[in-house]
file protein.cif (mmCIF, C-alpha atoms and all ligand atoms)
data_input
#
loop_
_atom_site.label_atom_id
_atom_site.label_comp_id
_atom_site.auth_asym_id
_atom_site.auth_seq_id
_atom_site.Cartn_x
_atom_site.Cartn_y
_atom_site.Cartn_z
CA MET A 1 6.23 -2.02 -5.64
CA PRO A 2 3.18 0.21 -5.18
CA GLU A 3 2.65 0.87 -1.47
CA LEU A 4 -0.33 2.26 0.42
CA PRO A 5 0.21 5.92 -0.57
CA GLU A 6 0.52 5.03 -4.26
CA VAL A 7 -2.63 2.94 -4.08
CA GLU A 8 -4.50 5.76 -2.33
CA VAL A 9 -3.25 8.31 -4.87
CA THR A 10 -4.35 5.95 -7.65
CA ARG A 11 -7.78 5.60 -6.03
CA ARG A 12 -8.25 9.37 -5.79
CA SER A 13 -7.21 9.83 -9.41
CA PHE A 14 -10.20 7.93 -10.82
CA ALA A 15 -12.73 7.17 -8.05
CA ASP A 16 -14.95 10.18 -8.69
CA ARG A 17 -14.77 9.83 -12.45
CA ILE A 18 -15.74 6.16 -12.66
CA ALA A 19 -18.52 6.34 -10.05
CA GLY A 20 -21.94 5.96 -11.67
CA GLY A 21 -20.50 4.27 -14.74
CA ARG A 22 -22.29 1.20 -16.05
CA ILE A 23 -20.09 -1.70 -17.14
CA GLU A 24 -20.37 -2.30 -20.89
CA ALA A 25 -17.59 -4.90 -21.18
CA ALA A 26 -14.72 -6.44 -19.29
CA ARG A 27 -11.63 -7.88 -20.92
CA VAL A 28 -9.23 -10.27 -19.22
CA GLY A 29 -5.75 -10.75 -20.72
CA LYS A 30 -3.08 -13.16 -19.54
CA PRO A 31 -3.63 -14.87 -16.16
CA LEU A 32 -2.93 -12.68 -13.15
CA ARG A 33 -2.08 -13.83 -9.62
CA TRP A 34 -5.66 -14.99 -8.98
CA PRO A 35 -8.53 -15.55 -11.45
CA LEU A 36 -11.42 -13.09 -11.74
CA GLY A 37 -13.83 -15.68 -10.34
CA VAL A 38 -16.69 -14.90 -12.75
CA THR A 39 -16.90 -14.66 -16.51
CA PRO A 40 -16.18 -11.12 -17.74
CA GLN A 41 -19.67 -11.15 -19.31
CA ALA A 42 -21.21 -11.55 -15.87
CA LEU A 43 -20.02 -8.02 -14.99
CA VAL A 44 -21.78 -6.38 -17.92
CA GLY A 45 -24.73 -4.23 -16.89
CA ARG A 46 -23.57 -3.67 -13.33
CA THR A 47 -22.88 -0.14 -12.11
CA VAL A 48 -19.78 1.13 -10.31
CA THR A 49 -21.01 2.88 -7.18
CA GLY A 50 -17.64 3.94 -5.75
CA VAL A 51 -14.02 3.02 -5.13
CA ARG A 52 -12.62 2.42 -1.65
CA ARG A 53 -9.23 1.27 -0.39
CA ARG A 54 -8.41 -1.36 2.23
CA GLY A 55 -4.67 -1.79 2.76
CA LYS A 56 -3.23 -2.08 -0.73
CA TYR A 57 -6.49 -3.37 -2.21
CA LEU A 58 -8.81 -1.17 -4.19
CA LEU A 59 -12.45 -2.11 -3.70
CA ILE A 60 -14.46 -1.21 -6.77
CA ASP A 61 -18.01 -1.32 -5.43
CA LEU A 62 -20.69 -2.45 -7.84
CA ASP A 63 -24.45 -2.29 -7.37
CA GLN A 64 -24.13 -6.06 -7.08
CA GLY A 65 -20.80 -7.28 -5.73
CA VAL A 66 -17.33 -5.81 -5.52
CA LEU A 67 -14.12 -6.08 -7.54
CA LEU A 68 -10.98 -6.42 -5.40
CA LEU A 69 -8.00 -5.07 -7.29
CA HIS A 70 -4.37 -5.43 -6.22
CA LEU A 71 -1.45 -3.88 -8.10
CA GLY A 72 1.03 -6.60 -7.06
CA MET A 73 4.70 -5.82 -7.75
CA SER A 74 4.46 -3.80 -10.92
CA GLY A 75 0.81 -2.98 -11.63
CA SER A 76 -0.53 0.44 -12.54
CA LEU A 77 -3.95 1.68 -13.52
CA SER A 78 -4.99 4.18 -16.10
CA PHE A 79 -8.46 5.58 -16.57
CA ALA A 80 -9.48 7.39 -19.74
CA ALA A 81 -12.53 8.03 -21.92
CA ALA A 82 -11.03 5.58 -24.40
CA GLN A 83 -7.90 3.41 -24.40
CA PRO A 84 -5.68 2.31 -27.30
CA ALA A 85 -5.65 -1.37 -28.29
CA PRO A 86 -4.32 -3.45 -25.34
CA GLY A 87 -0.53 -3.82 -25.24
CA THR A 88 1.51 -6.87 -24.16
CA HIS A 89 1.21 -6.02 -20.45
CA ASP A 90 -2.40 -4.77 -20.36
CA HIS A 91 -4.22 -7.62 -18.63
CA PHE A 92 -7.57 -6.21 -17.54
CA ASP A 93 -9.95 -3.61 -18.96
CA LEU A 94 -13.19 -2.49 -17.35
CA VAL A 95 -15.15 -0.64 -20.00
CA THR A 96 -17.79 1.63 -18.44
CA THR A 97 -20.03 4.40 -19.67
CA ARG A 98 -17.74 6.84 -17.77
CA GLY A 99 -14.48 5.56 -19.23
CA VAL A 100 -12.13 2.59 -19.42
CA LEU A 101 -10.11 1.42 -16.43
CA ARG A 102 -7.01 -0.50 -17.52
CA LEU A 103 -4.56 -2.58 -15.48
CA ASN A 104 -1.03 -2.74 -16.85
CA ASP A 105 1.08 -5.31 -15.01
CA PRO A 106 4.32 -6.59 -16.60
CA ARG A 107 5.09 -9.08 -13.80
CA ARG A 108 1.45 -10.18 -13.33
CA PHE A 109 1.52 -10.41 -9.53
CA GLY A 110 -1.50 -8.14 -9.49
CA ALA A 111 -5.07 -9.39 -9.59
CA VAL A 112 -8.72 -8.47 -10.07
CA VAL A 113 -11.10 -10.70 -8.11
CA PHE A 114 -14.89 -10.54 -8.04
CA ALA A 115 -16.73 -11.18 -4.77
CA PRO A 116 -20.52 -11.11 -4.29
CA GLY A 117 -19.94 -8.91 -1.21
CA GLU A 118 -17.27 -7.88 1.28
CA GLY A 119 -18.37 -10.65 3.64
CA ALA A 120 -18.11 -13.34 0.96
CA ALA A 121 -15.38 -15.98 1.20
CA GLN A 122 -13.44 -14.59 -1.79
CA ALA A 123 -13.16 -11.19 -0.06
CA VAL A 124 -12.54 -12.47 3.46
CA LYS A 125 -9.67 -14.60 2.16
CA LEU A 126 -7.90 -11.48 0.86
CA LEU A 127 -9.01 -8.81 3.35
CA GLY A 128 -9.73 -10.80 6.51
CA ARG A 129 -6.27 -10.74 8.06
CA LEU A 130 -5.39 -7.13 7.34
CA GLY A 131 -4.43 -4.95 10.29
CA VAL A 132 -5.95 -1.61 11.16
CA GLU A 133 -5.92 1.26 8.62
CA PRO A 134 -3.07 3.59 9.68
CA LEU A 135 -4.76 6.77 8.45
CA SER A 136 -8.13 6.01 10.07
CA ASP A 137 -9.41 6.86 13.57
CA ASP A 138 -9.36 3.12 14.30
CA PHE A 139 -5.56 3.25 14.62
CA ASP A 140 -5.73 3.38 18.40
CA LEU A 141 -2.64 3.75 20.61
CA ASP A 142 -3.70 1.27 23.31
CA ALA A 143 -4.52 -1.48 20.81
CA PHE A 144 -1.36 -0.76 18.80
CA HIS A 145 0.89 -0.97 21.85
CA GLU A 146 -0.83 -4.10 23.13
CA ARG A 147 -0.31 -5.86 19.82
CA LEU A 148 3.36 -4.83 19.66
CA ARG A 149 3.88 -6.24 23.15
CA ARG A 150 2.87 -9.68 21.93
CA ARG A 151 5.44 -9.79 19.12
CA LYS A 152 9.10 -10.76 19.57
CA ALA A 153 10.18 -10.03 15.99
CA PRO A 154 12.12 -6.85 15.13
CA ILE A 155 9.77 -3.86 14.90
CA LYS A 156 10.58 -3.22 11.24
CA GLN A 157 9.40 -6.71 10.30
CA VAL A 158 6.29 -6.45 12.45
CA LEU A 159 5.36 -3.23 10.63
CA LEU A 160 5.97 -4.88 7.24
CA ALA A 161 3.88 -7.95 8.11
CA GLY A 162 0.71 -5.86 7.86
CA ASP A 163 -1.38 -7.69 10.44
CA VAL A 164 -0.86 -5.10 13.21
CA VAL A 165 -1.17 -2.05 11.00
CA VAL A 166 -1.70 -2.39 7.27
CA GLY A 167 0.13 -0.82 4.35
CA VAL A 168 3.41 0.24 5.95
CA GLY A 169 5.76 -0.95 3.22
CA ASN A 170 9.53 -1.02 3.13
CA ILE A 171 10.25 2.65 2.45
CA TYR A 172 7.67 3.95 4.89
CA ALA A 173 8.71 1.56 7.68
CA SER A 174 12.30 2.84 7.51
CA GLU A 175 11.14 6.45 7.41
CA ALA A 176 8.63 6.10 10.26
CA LEU A 177 11.16 4.37 12.51
CA PHE A 178 13.59 7.20 11.85
CA LEU A 179 11.01 9.83 12.81
CA ALA A 180 10.16 7.87 15.98
CA ARG A 181 13.92 7.45 16.72
CA ILE A 182 13.51 3.68 17.08
CA ARG A 183 16.17 1.20 15.89
CA PRO A 184 14.56 -1.12 13.27
CA THR A 185 16.11 -4.20 14.92
CA LEU A 186 14.44 -3.56 18.30
CA ARG A 187 12.02 -6.31 19.31
CA ALA A 188 8.47 -5.04 19.04
CA SER A 189 7.68 -6.44 22.48
CA ARG A 190 10.25 -4.11 24.05
CA ILE A 191 8.73 -0.88 22.75
CA SER A 192 7.45 1.28 25.60
CA ARG A 193 4.12 3.06 25.46
CA PRO A 194 5.70 6.52 24.91
CA ARG A 195 7.73 5.11 22.02
CA ALA A 196 4.65 3.35 20.61
CA ARG A 197 2.90 6.73 20.69
CA LEU A 198 5.76 8.32 18.73
CA LEU A 199 5.76 5.44 16.25
CA ARG A 200 2.00 5.59 15.69
CA GLN A 201 2.25 9.31 14.94
CA ALA A 202 5.30 8.79 12.71
CA VAL A 203 3.52 6.10 10.65
CA ARG A 204 0.56 8.42 10.14
CA ASP A 205 2.74 11.43 9.29
CA VAL A 206 4.92 9.55 6.78
CA LEU A 207 1.96 7.97 4.96
CA ALA A 208 -0.16 11.12 4.97
CA ARG A 209 2.72 13.16 3.59
CA ALA A 210 3.36 10.57 0.88
CA VAL A 211 -0.29 10.60 -0.17
CA GLU A 212 -0.12 14.39 -0.30
CA ARG A 213 2.97 14.31 -2.47
CA GLY A 214 1.36 11.88 -4.86
CA GLY A 215 3.12 8.68 -3.93
CA SER A 216 6.76 7.83 -4.42
CA THR A 217 8.57 7.49 -7.69
CA LEU A 218 9.56 3.87 -7.30
CA ARG A 219 10.44 2.17 -10.57
CA ASP A 220 7.48 1.59 -12.80
CA PHE A 221 4.74 3.07 -10.67
CA SER A 222 2.61 5.74 -12.22
CA ASN A 223 -0.85 6.73 -11.08
CA ALA A 224 -3.98 6.72 -13.15
CA HIS A 225 -2.91 10.02 -14.73
CA GLY A 226 0.48 8.57 -15.61
CA GLU A 227 2.29 11.06 -13.35
CA ALA A 228 5.09 10.04 -11.01
CA GLY A 229 5.16 11.23 -7.40
CA LEU A 230 7.90 13.00 -5.49
CA PHE A 231 8.14 11.45 -2.03
CA GLN A 232 11.46 9.71 -2.47
CA LEU A 233 13.30 12.98 -3.07
CA ASP A 234 13.15 13.94 0.60
CA ALA A 235 13.58 10.56 2.29
CA MET A 236 15.41 10.90 5.61
CA VAL A 237 17.14 7.50 5.55
CA TYR A 238 15.64 5.28 2.82
CA ASP A 239 18.19 4.47 0.08
CA ARG A 240 20.75 6.83 1.69
CA ALA A 241 23.36 4.30 2.89
CA GLY A 242 26.65 6.02 3.76
CA GLN A 243 25.22 9.51 3.36
CA PRO A 244 25.08 11.88 6.36
CA CYS A 245 21.94 11.73 8.53
CA ARG A 246 19.88 14.85 7.83
CA VAL A 247 19.56 15.45 11.59
CA CYS A 248 22.96 14.59 13.14
CA GLY A 249 25.38 13.98 10.26
CA THR A 250 26.21 10.36 11.20
CA ALA A 251 26.50 8.04 8.17
CA VAL A 252 23.19 6.26 7.46
CA LYS A 253 23.54 2.49 7.83
CA ALA A 254 22.02 -0.20 5.59
CA ILE A 255 21.26 -3.73 6.79
CA ARG A 256 19.15 -6.65 5.56
CA GLN A 257 16.08 -7.77 7.50
CA GLY A 258 14.04 -10.63 6.11
CA GLN A 259 15.68 -10.09 2.70
CA ARG A 260 14.56 -6.45 2.60
CA ALA A 261 16.88 -3.45 2.85
CA THR A 262 16.57 -1.41 6.04
CA TYR A 263 18.14 2.02 6.52
CA TYR A 264 18.66 3.79 9.82
CA CYS A 265 20.79 6.32 11.65
CA PRO A 266 22.84 4.50 14.33
CA SER A 267 23.01 7.69 16.36
CA CYS A 268 19.42 9.03 16.21
CA GLN A 269 17.66 5.66 16.43
CA LYS A 270 18.05 3.93 19.78
CA PRO A 271 17.81 0.19 20.41
ZN ZN A 301 21.10 10.89 12.95
#
call {"tool": "encode", "arguments": {"input": "protein.cif", "output": "structure tokens", "more": "lines below"}}
Ligand SMILES: [Zn+2]
result
Amino acid sequence: MPELPEVEVTRRSFADRIAGGRIEAARVGKPLRWPLGVTPQALVGRTVTGVRRRGKYLLIDLDQGVLLLHLGMSGSLSFAAAQPAPGTHDHFDLVTTRGVLRLNDPRRFGAVVFAPGEGAAQAVKLLGRLGVEPLSDDFDLDAFHERLRRRKAPIKQVLLAGDVVVGVGNIYASEALFLARIRPTLRASRISRPRARLLRQAVRDVLARAVERGGSTLRDFSNAHGEAGLFQLDAMVYDRAGQPCRVCGTAVKAIRQGQRATYYCPSCQKP
């Protein structure tokens, strides 16, 4: 599943190239998770002014309105001067004067949704409940700690929920908790301020490093250049059950939390 770093890497790979392009056509294939909300013809003639990211959504800003794009479980984007005829899993094309943006999504949990503006109901429904951006200056320690104190769920699940801080997916939650030396099963409400400080920094470090490395190589993800990233190669605990901890040598443990795999070092990470 594409996580925040993959989405950010994808954004960077085409944002500058598509900006300024005028939409000549839009093609919708099989139904995605949510409908586009306007006829594809209604997009023709509008200009792409930029591409931003909010959580795992890409916001393709138009001179009138915005397209909210989510990659779902298996989506990937490619951007090229021209694209071959759409294949079985190519479900959205945005043809612009700068090139063609194509969404390939075999499982079709992704979506492209038009909203007249970011404050419009269609956008608020998708973006309104997202937590703070972890890589932005808005990710404030006091607010982060205060919100953790109000949650009794295990910290790993609070991170994954996305309403405290957005975009910390399964791999990155395990990795950040390792760096902060916090046991994933610890109730969020029991995390002290010094540990919240460590966790905030760890979340930022893990995500920033992953963006730098070009996203992780999970399954069918490839960015808009079709290149796979490298992050997973140096994971500290993720997917390393039974292998020695890279810090202390203790065997890495795997458990299930909310039907997701969690990995941690029982020696380095304290409850
Ligand atoms: Zn260890």
call {"tool": "atom_distance", "arguments": {"input": "protein.cif", "atom1": "CA of Asn170 in chain A", "atom2": "CA of Ser189 in chain A"}}
result
20.2 Å
call {"tool": "residues_near_ligand", "arguments": {"input": "protein.cif", "ligand": "ligand ZN 301 (chain A)", "cutoff": "7 Å", "atoms": "only C-alpha atoms and all ligand atoms", "output": "JSON, numbers by chain"}}
result
{"A": [245, 246, 247, 248, 249, 250, 265, 266, 267, 268]}
call {"tool": "residues_around", "arguments": {"input": "protein.cif", "residues": "range 78-92 of chain A", "least_positions_apart": "6", "cutoff": "6 Å", "atoms": "only C-alpha atoms", "output": "MDAnalysis selection string"}}
result
chainID A and resid 27:30 99:106 224
call {"tool": "atom_distance", "arguments": {"input": "protein.cif", "atom1": "CA of Ala251 in chain A", "atom2": "CA of Met236 in chain A"}}
result
11.7 Å
call {"tool": "atom_distance", "arguments": {"input": "protein.cif", "atom1": "CA of Glu133 in chain A", "atom2": "CA of Leu198 in chain A"}}
result
17.0 Å
call {"tool": "residues_around", "arguments": {"input": "protein.cif", "residues": "Pro134 in chain A", "least_positions_apart": "6", "cutoff": "9 Å", "atoms": "all atoms listed in the file", "output": "short mmCIF file (atom, residue, chain, number, x, y, z; two decimals) with C-alpha atoms, keeping the file's coordinate frame"}}
result
data_model
loop_
_atom_site.label_atom_id
_atom_site.label_comp_id
_atom_site.auth_asym_id
_atom_site.auth_seq_id
_atom_site.Cartn_x
_atom_site.Cartn_y
_atom_site.Cartn_z
CA GLY A 55 -4.67 -1.79 2.76
CA VAL A 165 -1.17 -2.05 11.00
CA VAL A 166 -1.70 -2.39 7.27
CA GLY A 167 0.13 -0.82 4.35
CA VAL A 168 3.41 0.24 5.95
CA ARG A 200 2.00 5.59 15.69
CA VAL A 203 3.52 6.10 10.65
CA ARG A 204 0.56 8.42 10.14
CA LEU A 207 1.96 7.97 4.96
#
call {"tool": "residues_around", "arguments": {"input": "protein.cif", "residues": "Arg149 in chain A", "least_positions_apart": "5", "cutoff": "10 Å", "atoms": "only C-alpha atoms", "output": "PyMOL selection string"}}
result
chain A and resi 143-144+187-193+196
call {"tool": "residues_near_point", "arguments": {"input": "protein.cif", "point": "(-2.3, -13.6, -10.5)", "cutoff": "8 Å", "atoms": "all atoms listed in the file", "output": "number ranges by chain"}}
result
A: 31-35, 108-111
call {"tool": "closest_residue", "arguments": {"input": "protein.cif", "among": "A:Ala202, A:Leu58, A:Ala208, A:Pro184", "to": "Ile255 in chain A", "atoms": "all atoms listed in the file"}}
result
A:Pro184
call {"tool": "residues_around", "arguments": {"input": "protein.cif", "residues": "Val7 in chain A", "least_positions_apart": "2", "cutoff": "9 Å", "atoms": "only C-alpha atoms", "output": "ChimeraX atom specification"}}
result
/A:2-5,9-12,53,55-58,70-71,211,215,223
call {"tool": "write_last_selection", "arguments": {"input": "protein.cif", "atoms": "C-alpha atoms", "output": "PDB file, keeping the file's coordinate frame"}}
result
ATOM      1  CA  PRO A   2       3.180   0.210  -5.180  1.00  0.00           C
ATOM      2  CA  GLU A   3       2.650   0.870  -1.470  1.00  0.00           C
ATOM      3  CA  LEU A   4      -0.330   2.260   0.420  1.00  0.00           C
ATOM      4  CA  PRO A   5       0.210   5.920  -0.570  1.00  0.00           C
ATOM      5  CA  VAL A   9      -3.250   8.310  -4.870  1.00  0.00           C
ATOM      6  CA  THR A  10      -4.350   5.950  -7.650  1.00  0.00           C
ATOM      7  CA  ARG A  11      -7.780   5.600  -6.030  1.00  0.00           C
ATOM      8  CA  ARG A  12      -8.250   9.370  -5.790  1.00  0.00           C
ATOM      9  CA  ARG A  53      -9.230   1.270  -0.390  1.00  0.00           C
ATOM     10  CA  GLY A  55      -4.670  -1.790   2.760  1.00  0.00           C
ATOM     11  CA  LYS A  56      -3.230  -2.080  -0.730  1.00  0.00           C
ATOM     12  CA  TYR A  57      -6.490  -3.370  -2.210  1.00  0.00           C
ATOM     13  CA  LEU A  58      -8.810  -1.170  -4.190  1.00  0.00           C
ATOM     14  CA  HIS A  70      -4.370  -5.430  -6.220  1.00  0.00           C
ATOM     15  CA  LEU A  71      -1.450  -3.880  -8.100  1.00  0.00           C
ATOM     16  CA  VAL A 211      -0.290  10.600  -0.170  1.00  0.00           C
ATOM     17  CA  GLY A 215       3.120   8.680  -3.930  1.00  0.00           C
ATOM     18  CA  ASN A 223      -0.850   6.730 -11.080  1.00  0.00           C
TER      19      ASN A 223
END
call {"tool": "closest_residue", "arguments": {"input": "protein.cif", "among": "A:Thr47, A:Ser76, A:Thr96, A:Thr39", "to": "Glu24 in chain A", "atoms": "only C-alpha atoms"}}
result
A:Thr96
call {"tool": "closest_residue", "arguments": {"input": "protein.cif", "among": "A:Gly117, A:Arg260, A:Gly242, A:Arg54", "to": "Gly162 in chain A", "atoms": "all atoms listed in the file"}}
result
A:Arg54
call {"tool": "closest_residue", "arguments": {"input": "protein.cif", "among": "A:Gln122, A:Gln243, A:Thr97, A:Ser13", "to": "Gly37 in chain A", "atoms": "only C-alpha atoms"}}
result
A:Gln122
call {"tool": "closest_residue", "arguments": {"input": "protein.cif", "among": "A:Leu36, A:Arg147, A:Asp239, A:Ala176", "to": "Val113 in chain A", "atoms": "only C-alpha atoms"}}
result
A:Leu36
call {"tool": "residues_around", "arguments": {"input": "protein.cif", "residues": "Gly65 in chain A", "least_positions_apart": "3", "cutoff": "9 Å", "atoms": "all atoms listed in the file", "output": "MDAnalysis selection string"}}
result
chainID A and resid 46 60:62 114:118
call {"tool": "build_atoms", "arguments": {"input": "protein.cif", "residues": "range 171-187 of chain A", "atoms": "N, CA, C and O atoms", "output": "PDB file, keeping the file's coordinate frame"}}
result
ATOM      1  N   ILE A 171       9.752   1.270   2.357  1.00  0.00           N
ATOM      2  CA  ILE A 171      10.250   2.650   2.450  1.00  0.00           C
ATOM      3  C   ILE A 171       9.693   3.325   3.694  1.00  0.00           C
ATOM      4  O   ILE A 171      10.407   3.950   4.468  1.00  0.00           O
ATOM      5  N   TYR A 172       8.359   3.187   3.846  1.00  0.00           N
ATOM      6  CA  TYR A 172       7.670   3.950   4.890  1.00  0.00           C
ATOM      7  C   TYR A 172       7.993   3.419   6.272  1.00  0.00           C
ATOM      8  O   TYR A 172       8.009   4.180   7.243  1.00  0.00           O
ATOM      9  N   ALA A 173       8.310   2.118   6.386  1.00  0.00           N
ATOM     10  CA  ALA A 173       8.710   1.560   7.680  1.00  0.00           C
ATOM     11  C   ALA A 173      10.043   2.170   8.109  1.00  0.00           C
ATOM     12  O   ALA A 173      10.201   2.595   9.252  1.00  0.00           O
ATOM     13  N   SER A 174      11.003   2.230   7.182  1.00  0.00           N
ATOM     14  CA  SER A 174      12.300   2.840   7.510  1.00  0.00           C
ATOM     15  C   SER A 174      12.132   4.303   7.903  1.00  0.00           C
ATOM     16  O   SER A 174      12.719   4.776   8.880  1.00  0.00           O
ATOM     17  N   GLU A 175      11.329   5.026   7.152  1.00  0.00           N
ATOM     18  CA  GLU A 175      11.140   6.450   7.410  1.00  0.00           C
ATOM     19  C   GLU A 175      10.423   6.704   8.740  1.00  0.00           C
ATOM     20  O   GLU A 175      10.788   7.605   9.501  1.00  0.00           O
ATOM     21  N   ALA A 176       9.384   5.909   9.019  1.00  0.00           N
ATOM     22  CA  ALA A 176       8.630   6.100  10.260  1.00  0.00           C
ATOM     23  C   ALA A 176       9.488   5.789  11.478  1.00  0.00           C
ATOM     24  O   ALA A 176       9.444   6.502  12.482  1.00  0.00           O
ATOM     25  N   LEU A 177      10.288   4.717  11.383  1.00  0.00           N
ATOM     26  CA  LEU A 177      11.160   4.370  12.510  1.00  0.00           C
ATOM     27  C   LEU A 177      12.211   5.448  12.743  1.00  0.00           C
ATOM     28  O   LEU A 177      12.592   5.721  13.876  1.00  0.00           O
ATOM     29  N   PHE A 178      12.662   6.080  11.673  1.00  0.00           N
ATOM     30  CA  PHE A 178      13.590   7.200  11.850  1.00  0.00           C
ATOM     31  C   PHE A 178      12.910   8.342  12.602  1.00  0.00           C
ATOM     32  O   PHE A 178      13.449   8.884  13.568  1.00  0.00           O
ATOM     33  N   LEU A 179      11.712   8.718  12.161  1.00  0.00           N
ATOM     34  CA  LEU A 179      11.010   9.830  12.810  1.00  0.00           C
ATOM     35  C   LEU A 179      10.730   9.533  14.287  1.00  0.00           C
ATOM     36  O   LEU A 179      10.746  10.433  15.118  1.00  0.00           O
ATOM     37  N   ALA A 180      10.460   8.251  14.593  1.00  0.00           N
ATOM     38  CA  ALA A 180      10.160   7.870  15.980  1.00  0.00           C
ATOM     39  C   ALA A 180      11.447   7.582  16.769  1.00  0.00           C
ATOM     40  O   ALA A 180      11.385   7.284  17.962  1.00  0.00           O
ATOM     41  N   ARG A 181      12.604   7.672  16.106  1.00  0.00           N
ATOM     42  CA  ARG A 181      13.920   7.450  16.720  1.00  0.00           C
ATOM     43  C   ARG A 181      14.058   6.054  17.306  1.00  0.00           C
ATOM     44  O   ARG A 181      14.676   5.868  18.351  1.00  0.00           O
ATOM     45  N   ILE A 182      13.463   5.073  16.620  1.00  0.00           N
ATOM     46  CA  ILE A 182      13.510   3.680  17.080  1.00  0.00           C
ATOM     47  C   ILE A 182      14.368   2.850  16.138  1.00  0.00           C
ATOM     48  O   ILE A 182      14.187   2.901  14.917  1.00  0.00           O
ATOM     49  N   ARG A 183      15.311   2.075  16.685  1.00  0.00           N
ATOM     50  CA  ARG A 183      16.170   1.200  15.890  1.00  0.00           C
ATOM     51  C   ARG A 183      15.315   0.084  15.271  1.00  0.00           C
ATOM     52  O   ARG A 183      14.554  -0.557  15.994  1.00  0.00           O
ATOM     53  N   PRO A 184      15.428  -0.135  13.953  1.00  0.00           N
ATOM     54  CA  PRO A 184      14.560  -1.120  13.270  1.00  0.00           C
ATOM     55  C   PRO A 184      14.710  -2.541  13.798  1.00  0.00           C
ATOM     56  O   PRO A 184      13.815  -3.366  13.635  1.00  0.00           O
ATOM     57  N   THR A 185      15.845  -2.846  14.429  1.00  0.00           N
ATOM     58  CA  THR A 185      16.110  -4.200  14.920  1.00  0.00           C
ATOM     59  C   THR A 185      15.514  -4.444  16.309  1.00  0.00           C
ATOM     60  O   THR A 185      15.534  -5.568  16.804  1.00  0.00           O
ATOM     61  N   LEU A 186      14.999  -3.411  16.953  1.00  0.00           N
ATOM     62  CA  LEU A 186      14.440  -3.560  18.300  1.00  0.00           C
ATOM     63  C   LEU A 186      13.237  -4.504  18.264  1.00  0.00           C
ATOM     64  O   LEU A 186      12.369  -4.389  17.393  1.00  0.00           O
ATOM     65  N   ARG A 187      13.191  -5.435  19.218  1.00  0.00           N
ATOM     66  CA  ARG A 187      12.020  -6.310  19.310  1.00  0.00           C
ATOM     67  C   ARG A 187      10.781  -5.490  19.589  1.00  0.00           C
ATOM     68  O   ARG A 187      10.785  -4.620  20.474  1.00  0.00           O
TER      69      ARG A 187
END
